[in-house]
Number of protein chains: 2
Amino acid sequence: MNSSRLAHLRDSVAHVLADATRVTTGDSERELHSADVSFHRPRLPDLVVYPTSTGEVSAVLEIATAERVPVTAFGAGSSLEGNAIPIAGGISLDLTRMDRIVSLSPDDLTAVVQPGVTRTALSRAAGDHGLFFPVDPGADATLGGMAATNAAGTTTVRYGKMRANVLALEAVLADGTVVRTGSRAPKTSAGYDLTGLLVGSEGTLAVITELTLRLHGIPEHIAAARIAFPSLEAACRTAAASVAAGTTLMRLELVDAHTIRAVNAYEESDYPEAPSLFVEAGGAEAAVESDLELVLSIAREEGALDAVHERDADARARLWKARHDVAYATSAASPGRRHRSTDVCVPVSQLAEAVAVTRAEIERSGLVAGVIAHAGDGNVHVGLMIDPEDARELEAAERLADALVADALARGGTSTGEHGVGLGKISALEREHGDLLPLLRGIKELFDPHGILNPGKVLR
Amino acid sequence: MNSSRLAHLRDSVAHVLADATRVTTGDSERELHSADVSFHRPRLPDLVVYPTSTGEVSAVLEIATAERVPVTAFGAGSSLEGNAIPIAGGISLDLTRMDRIVSLSPDDLTAVVQPGVTRTALSRAAGDHGLFFPVDPGADATLGGMAATNAAGTTTVRYGKMRANVLALEAVLADGTVVRTGSRAPKTSAGYDLTGLLVGSEGTLAVITELTLRLHGIPEHIAAARIAFPSLEAACRTAAASVAAGTTLMRLELVDAHTIRAVNAYEESDYPEAPSLFVEAGGAEAAVESDLELVLSIAREEGALDAVHERDADARARLWKARHDVAYATSAASPGRRHRSTDVCVPVSQLAEAVAVTRAEIERSGLVAGVIAHAGDGNVHVGLMIDPEDARELEAAERLADALVADALARGGTSTGEHGVGLGKISALEREHGDLLPLLRGIKELFDPHGILNPGKVLR
């Protein structure tokens with residue numbers, strides 16, 4: 001954007017915000033909004049704007065449509081497929097100052113929040129009422145960003161993804177029109193599901209300005225276990241059989257030996273360096289104990305090497321530390337490198353074979369990488385730490401990611417379980433749902449006829 | 001349709017089906033496809049077609065697009081808002097002969113079915129593996145129709161509506177193109193959620209030809225209770241508090257005294273003629289007993305008059321008979337009349353007041369009607385039996401339905417919890433989501449540019 005156009009844009013936006021300090025062209029803030037936590041190449045926005053109300057978001061989008069300026073919504077910047085990188089420049093619309101919990105209704109198990117509220121902030125507020133918000137992608141992402149990505153994480157096996165936990169949305173369309181989808185009732189059949197359509201649309205169809213979310217009761221009793229296995233396949237088979245047995249586990253996570261070694265180095269711990277399942281059960285005490293016992297008995301039949309289980313909160317936190325430290329440990333082991341995570345998801349019955357193929361493809365690639373999986377939902381991540389300046393390494397990572405997508409699709413799975421399409425999965429989406437592209441493009445054109453919302457994401 | 005055009009259409013369709021017996025213009029079959037179970041005025045289709053494969057559905061839609069002939073998909077005909085009535089004539093596309101369970105994967109807790117499979121047929125097949133399909137709208141509807149309506153019912157409080165239980169769809173677009181949405185993996189973030197968009201689109205966007213559904217484990221222990229209360233409000237408060245307490249009940253149903261009287265007359269039974277909650281808990285035995293005890297203790301505080309609880313299957317079936325007989329009992333009490341059910345849904349904290357308003361509005365209307373509610377999800381039905389020839393009665397019913405919609409919307413609720421929009425809720429949808437109409441219409445035009453799919457439903 002040339003400097004006179006930019007000055008005009010900045011003045012127009014500052015005028016409708018009536019607060020010039022929330023519109024900036026400063027280098028450091030533009031840089032903070034140029035990247036997410038992935039390996040994707042950063043791109044500076046021309047302008048960073050911090051709205052504090054729906055009206056301001058609407059006014060900014062009205063200007064952006066009139067001026068045909070790209071707008072990319074930005075939350076915690078924790079996306080993993082370049083989803084929040086403003087690759088066409090324009091405005092980075094930072095929603096973190098819209099961080100108010102509008103209302104909390106313990107009787108309805110619902111909360112209304114602005115998009116900049118983080119998941120842990122909501123769970124803290126809900127905790128006063130014995131409630132929590134269950135979707136846990138690891139990062140302390142904003143709820144608006146989590147909805148835009150249809151985020152998931154370690155608790156999806158029990159509580160579903162964001163889409164299952166969003167009842168209603170307020171959103172601003174590209175031209176500044178404010179709309180409301182859904183209702184505060186627990187269910188509705190009133191017209192096509194625009195709530196579900198906006199969830200997972202990655203800021204390409206509208207900007208979410210308010211969310212009505214489901215809360216859940218904190219289980220009265222929680223028990224956790226870490227179980228080490230002789231092979232990745234044995235761990236996967238145990239996970240799949242635990243799900244098929246109808247347990248209501250809250251988390252069911254797989255961490256491979258490579259990753260446990262990185263954690264041991266990072267924590268100076270001595271966890272058995274073997275493929276391990278981390279399991280959490282929650283509910284009435286008897287149900288929890290019977291679920292956990294069932295998993296342990298399946299694990300023993302699969303030759304489990306070692307099992308530790310804990311009930312009290314501190315002991316459980318220590319037990320889960322290894323799993324939670326995976327991202328830090330992996331980063332610490334590769335200073336200066338950028339994170340690239342694969343994200344395929346397969347039917348749980350296919351998990352053991354998919355993980356075996358994953359391990360073989362990593363060996364073949366010559367890259368060094370760990371495998372973790374949300375084993376309860378068949379979602380496998382390879383955590384690669386790559387040097388963005390090394391063309392050979394980048395290409396090997398790309399080949400590996402492609403091979404894993406091809407394998408997952410052949411198993412009836414999907415190219416992305418939870419990270420979304422962003423920049424990194426556009427080709428994979430075309431491969432997975434080529435027949436749907438005309439409809440996906442038609443929906444994009446309907447919502448955003450001038451293509452100003454997060455251009456270049458999800459669809460080419 | 002004039003007779004030469006009709007003859008041409010019949011011949012074209014018979015040609016692509018290569019079986020003239022599955023294309024009929026006979027009066028009795030057209031009549032069977034002219035109505036659903038609601039009060040809405042029947043309309044004969046010109047032609048009834050029974051495809052047996054996706055290829056045949058595609059070929060029929062290709063002809064229908066070329067000839068601009070309306071096509072209304074038809075399953076069990078158990079819709080409640082005229083959803084399956086071919087109000088513009090044309091083809092009634094009866095999918096009940098596509099009734100094959102394509103595959104069942106106990107390890108993945110999934111099944112792939114054709115759209116004409118009924119929910120009980122699927123649950124029977126799944127039962128051999130200790131599994132069942134949980135969505136239970138009462139009628140033995142087809143799974144294709146249930147997905148098209150985003151059906152719900154008595155178990156939604158625990159298992160969600162159809163949308164929560166559909167992983168993937170095969171569907172045929174208006175022009176005959178076959179597309180596949182979703183995948184067999186438990187979750188996906190690959191592009192806009194077209195699976196969720198087609199679920200609940202009532203045959204206006206595409207014809208569903210295959211569904212991949214979630215199955216659930218049959219709970220190892222189930223207990224049921226019937227609790228009579230001194231007032232509707234006390235019963236509603238008990239239901240809302242039971243949900244807020246975080247119980248994982250499978251069913252939580254309210255039946256008013258008026259309806260219990262009709263059941264007693266029908267069954268020659270002697271259930272206490274008082275507002276009653278029917279409750280079912282399922283899971284590990286200890287969890288079930290603690291959930292049920294919690295509900296009973298809340299009920300006692302609300303002055304419960306009487307409570308019966310049962311554990312074994314036969315005794316539970318007897319206990320639930322009263323609830324399941326509501327539809328028959330209500331019909332039997334009003335021979336020659338047609339059923340009209342209201343369907344608003346409110347936040348559960350609003351249920352007691354919404355039901356009090358409902359009772360008052362019924363009195364004011366001069367109509368005789370019972371109230372039932374899926375109390376766990378705030379979904380209230382007034383079961384009216386009306387004389388379709390009596391203009392005053394029709395108008396009183398219309399006014400009552402309007403008043404209840406207005407009240408529900410004022411409480412943050414929705415005009416339809418589970419019956420869909422069909423013919424009967426088009427105005428209500430406009431009132432509830434007027435701001436969304438341009439988007440809803442745009443989606444309709446994108447999927448069905450010539451407006452041949454179930455015209456006149458959902459949108460004007």
# chains A, B, ... in the order shown; residues from 1 in each chain; ligands from 1
>>> closest_atom_pairs(of="chain B", to="chain A", cutoff="6 Å", atoms="only C-alpha atoms", output="tab-separated table")
residue	atom	partner	partner_atom	distance
B:Asp107	CA	A:Ala244	CA	5.2
B:Asp108	CA	A:Val348	CA	5.7
B:Val179	CA	A:Asp435	CA	5.9
B:Ser183	CA	A:Gly413	CA	5.6
B:Arg184	CA	A:Gly412	CA	5.3
B:Ala185	CA	A:Pro347	CA	4.3
B:Pro186	CA	A:Asp377	CA	5.6
B:Lys187	CA	A:Gly417	CA	5.6
B:Thr188	CA	A:Gly417	CA	4.2
B:Ser189	CA	A:Gly420	CA	4.8
B:Ala190	CA	A:Thr416	CA	5.7
B:Tyr192	CA	A:Ser201	CA	5.7
B:Asp193	CA	A:Leu197	CA	5.5
B:Leu197	CA	A:Asp193	CA	5.4
B:Ser201	CA	A:Tyr192	CA	5.7
B:Gly217	CA	A:Gly246	CA	5.1
B:Ala244	CA	A:Asp107	CA	5.1
B:Gly246	CA	A:Gly217	CA	5.1
B:Ala284	CA	A:Ala287	CA	5.3
B:Ala286	CA	A:Ala286	CA	5.7
B:Ala287	CA	A:Ala284	CA	5.3
B:Cys345	CA	A:Ala185	CA	5.9
B:Val346	CA	A:Ala185	CA	4.6
B:Pro347	CA	A:Ala185	CA	4.3
B:Val348	CA	A:Asp108	CA	5.7
B:Ser349	CA	A:Asp107	CA	5.6
B:Asp377	CA	A:Pro186	CA	5.6
B:Gly412	CA	A:Arg184	CA	5.3
B:Gly413	CA	A:Ala185	CA	4.8
B:Thr416	CA	A:Ser189	CA	5.5
B:Gly417	CA	A:Thr188	CA	4.2
B:Glu418	CA	A:Ser189	CA	5.2
B:Gly420	CA	A:Ser189	CA	4.8
B:Asp435	CA	A:Val179	CA	5.9
>>> select_by_dssp(residues="segment 209-431 of chain A", states="alpha helix (DSSP H)", output="number ranges by chain")
A: 232-244, 257-267, 285-301, 313-324, 326-332, 351-365, 391-410, 426-431
>>> write_last_selection(atoms="C-alpha atoms", output="mmCIF file, in the first residue's frame")
data_model
loop_
_atom_site.group_PDB
_atom_site.id
_atom_site.type_symbol
_atom_site.label_atom_id
_atom_site.label_comp_id
_atom_site.auth_asym_id
_atom_site.auth_seq_id
_atom_site.Cartn_x
_atom_site.Cartn_y
_atom_site.Cartn_z
ATOM 1 C CA LEU A 232 3.415 -47.349 19.507
ATOM 2 C CA GLU A 233 1.005 -49.842 17.970
ATOM 3 C CA ALA A 234 0.210 -51.411 21.358
ATOM 4 C CA ALA A 235 -0.538 -47.952 22.770
ATOM 5 C CA CYS A 236 -2.781 -47.114 19.791
ATOM 6 C CA ARG A 237 -4.665 -50.388 20.022
ATOM 7 C CA THR A 238 -5.262 -49.737 23.722
ATOM 8 C CA ALA A 239 -6.612 -46.261 22.940
ATOM 9 C CA ALA A 240 -8.928 -47.501 20.180
ATOM 10 C CA ALA A 241 -10.243 -50.361 22.318
ATOM 11 C CA SER A 242 -10.844 -47.969 25.239
ATOM 12 C CA VAL A 243 -12.997 -45.743 23.035
ATOM 13 C CA ALA A 244 -14.861 -48.679 21.508
ATOM 14 C CA ALA A 257 9.414 -42.321 22.926
ATOM 15 C CA HIS A 258 11.243 -39.650 20.921
ATOM 16 C CA THR A 259 9.080 -36.969 22.501
ATOM 17 C CA ILE A 260 9.387 -38.404 26.008
ATOM 18 C CA ARG A 261 13.191 -38.244 25.607
ATOM 19 C CA ALA A 262 12.900 -34.543 24.723
ATOM 20 C CA VAL A 263 10.709 -33.992 27.786
ATOM 21 C CA ASN A 264 13.204 -35.819 30.035
ATOM 22 C CA ALA A 265 15.992 -33.594 28.701
ATOM 23 C CA TYR A 266 13.882 -30.467 29.215
ATOM 24 C CA GLU A 267 12.503 -31.330 32.662
ATOM 25 C CA GLU A 285 -16.060 -41.719 41.585
ATOM 26 C CA ALA A 286 -17.236 -45.242 40.786
ATOM 27 C CA ALA A 287 -17.563 -44.458 37.073
ATOM 28 C CA VAL A 288 -14.081 -42.935 37.012
ATOM 29 C CA GLU A 289 -12.520 -45.908 38.742
ATOM 30 C CA SER A 290 -14.281 -48.418 36.501
ATOM 31 C CA ASP A 291 -13.281 -46.502 33.334
ATOM 32 C CA LEU A 292 -9.676 -46.307 34.454
ATOM 33 C CA GLU A 293 -9.576 -49.962 35.469
ATOM 34 C CA LEU A 294 -10.946 -50.924 32.061
ATOM 35 C CA VAL A 295 -8.210 -48.959 30.261
ATOM 36 C CA LEU A 296 -5.531 -50.473 32.502
ATOM 37 C CA SER A 297 -6.780 -53.993 31.892
ATOM 38 C CA ILE A 298 -6.714 -53.440 28.113
ATOM 39 C CA ALA A 299 -3.210 -51.975 28.495
ATOM 40 C CA ARG A 300 -1.981 -55.013 30.436
ATOM 41 C CA GLU A 301 -3.226 -57.301 27.654
ATOM 42 C CA ALA A 313 -4.999 -32.452 41.851
ATOM 43 C CA ASP A 314 -1.284 -31.851 42.532
ATOM 44 C CA ALA A 315 -0.276 -35.386 41.706
ATOM 45 C CA ARG A 316 -2.345 -35.298 38.542
ATOM 46 C CA ALA A 317 -0.746 -31.999 37.536
ATOM 47 C CA ARG A 318 2.734 -33.572 37.985
ATOM 48 C CA LEU A 319 1.657 -36.590 35.967
ATOM 49 C CA TRP A 320 0.335 -34.416 33.102
ATOM 50 C CA LYS A 321 3.387 -32.150 33.158
ATOM 51 C CA ALA A 322 5.214 -34.405 30.725
ATOM 52 C CA ARG A 323 2.373 -34.140 28.205
ATOM 53 C CA HIS A 324 1.944 -30.396 28.680
ATOM 54 C CA VAL A 326 5.865 -31.420 24.924
ATOM 55 C CA ALA A 327 5.711 -28.163 22.969
ATOM 56 C CA TYR A 328 8.303 -26.425 25.161
ATOM 57 C CA ALA A 329 10.586 -29.441 25.252
ATOM 58 C CA THR A 330 10.441 -29.859 21.500
ATOM 59 C CA SER A 331 11.226 -26.177 20.936
ATOM 60 C CA ALA A 332 14.019 -26.172 23.489
ATOM 61 C CA LEU A 351 -4.853 -45.266 14.373
ATOM 62 C CA ALA A 352 -2.240 -47.988 15.005
ATOM 63 C CA GLU A 353 -1.527 -48.469 11.307
ATOM 64 C CA ALA A 354 -1.573 -44.741 10.602
ATOM 65 C CA VAL A 355 0.975 -44.175 13.370
ATOM 66 C CA ALA A 356 3.183 -46.994 12.056
ATOM 67 C CA VAL A 357 3.141 -45.375 8.602
ATOM 68 C CA THR A 358 3.900 -42.017 10.228
ATOM 69 C CA ARG A 359 6.946 -43.424 12.017
ATOM 70 C CA ALA A 360 8.176 -45.022 8.761
ATOM 71 C CA GLU A 361 7.660 -41.813 6.770
ATOM 72 C CA ILE A 362 9.618 -39.825 9.363
ATOM 73 C CA GLU A 363 12.540 -42.276 9.060
ATOM 74 C CA ARG A 364 12.387 -42.078 5.289
ATOM 75 C CA SER A 365 12.356 -38.254 5.365
ATOM 76 C CA ALA A 391 15.456 -25.521 1.355
ATOM 77 C CA ARG A 392 16.176 -29.270 1.527
ATOM 78 C CA GLU A 393 14.679 -29.522 4.999
ATOM 79 C CA LEU A 394 11.610 -27.511 4.008
ATOM 80 C CA GLU A 395 11.080 -29.759 1.016
ATOM 81 C CA ALA A 396 11.500 -32.947 3.080
ATOM 82 C CA ALA A 397 8.932 -31.619 5.571
ATOM 83 C CA GLU A 398 6.529 -30.808 2.749
ATOM 84 C CA ARG A 399 6.938 -34.287 1.260
ATOM 85 C CA LEU A 400 6.378 -35.891 4.668
ATOM 86 C CA ALA A 401 3.224 -33.824 5.280
ATOM 87 C CA ASP A 402 1.899 -34.752 1.823
ATOM 88 C CA ALA A 403 2.544 -38.441 2.354
ATOM 89 C CA LEU A 404 0.702 -38.390 5.683
ATOM 90 C CA VAL A 405 -2.281 -36.605 4.148
ATOM 91 C CA ALA A 406 -2.427 -39.171 1.333
ATOM 92 C CA ASP A 407 -2.311 -42.001 3.878
ATOM 93 C CA ALA A 408 -5.033 -40.437 6.067
ATOM 94 C CA LEU A 409 -7.346 -39.859 3.110
ATOM 95 C CA ALA A 410 -6.842 -43.468 1.998
ATOM 96 C CA ILE A 426 -5.126 -25.420 0.841
ATOM 97 C CA SER A 427 -3.792 -28.093 -1.518
ATOM 98 C CA ALA A 428 -4.794 -30.800 0.947
ATOM 99 C CA LEU A 429 -8.332 -29.415 1.094
ATOM 100 C CA GLU A 430 -8.498 -29.478 -2.700
ATOM 101 C CA ARG A 431 -7.346 -33.089 -2.669
#
>>> select_by_dssp(residues="segment 236-297 of chain B", states="strand (DSSP E)", output="PyMOL selection string")
chain B and resi 249-255+276-283
>>> residues_around(residues="Pro86 of chain A", least_positions_apart="2", cutoff="9 Å", atoms="only C-alpha atoms", output="ChimeraX atom specification")
/A:33-35,42-45,70-73,82-84,88-92,454-456
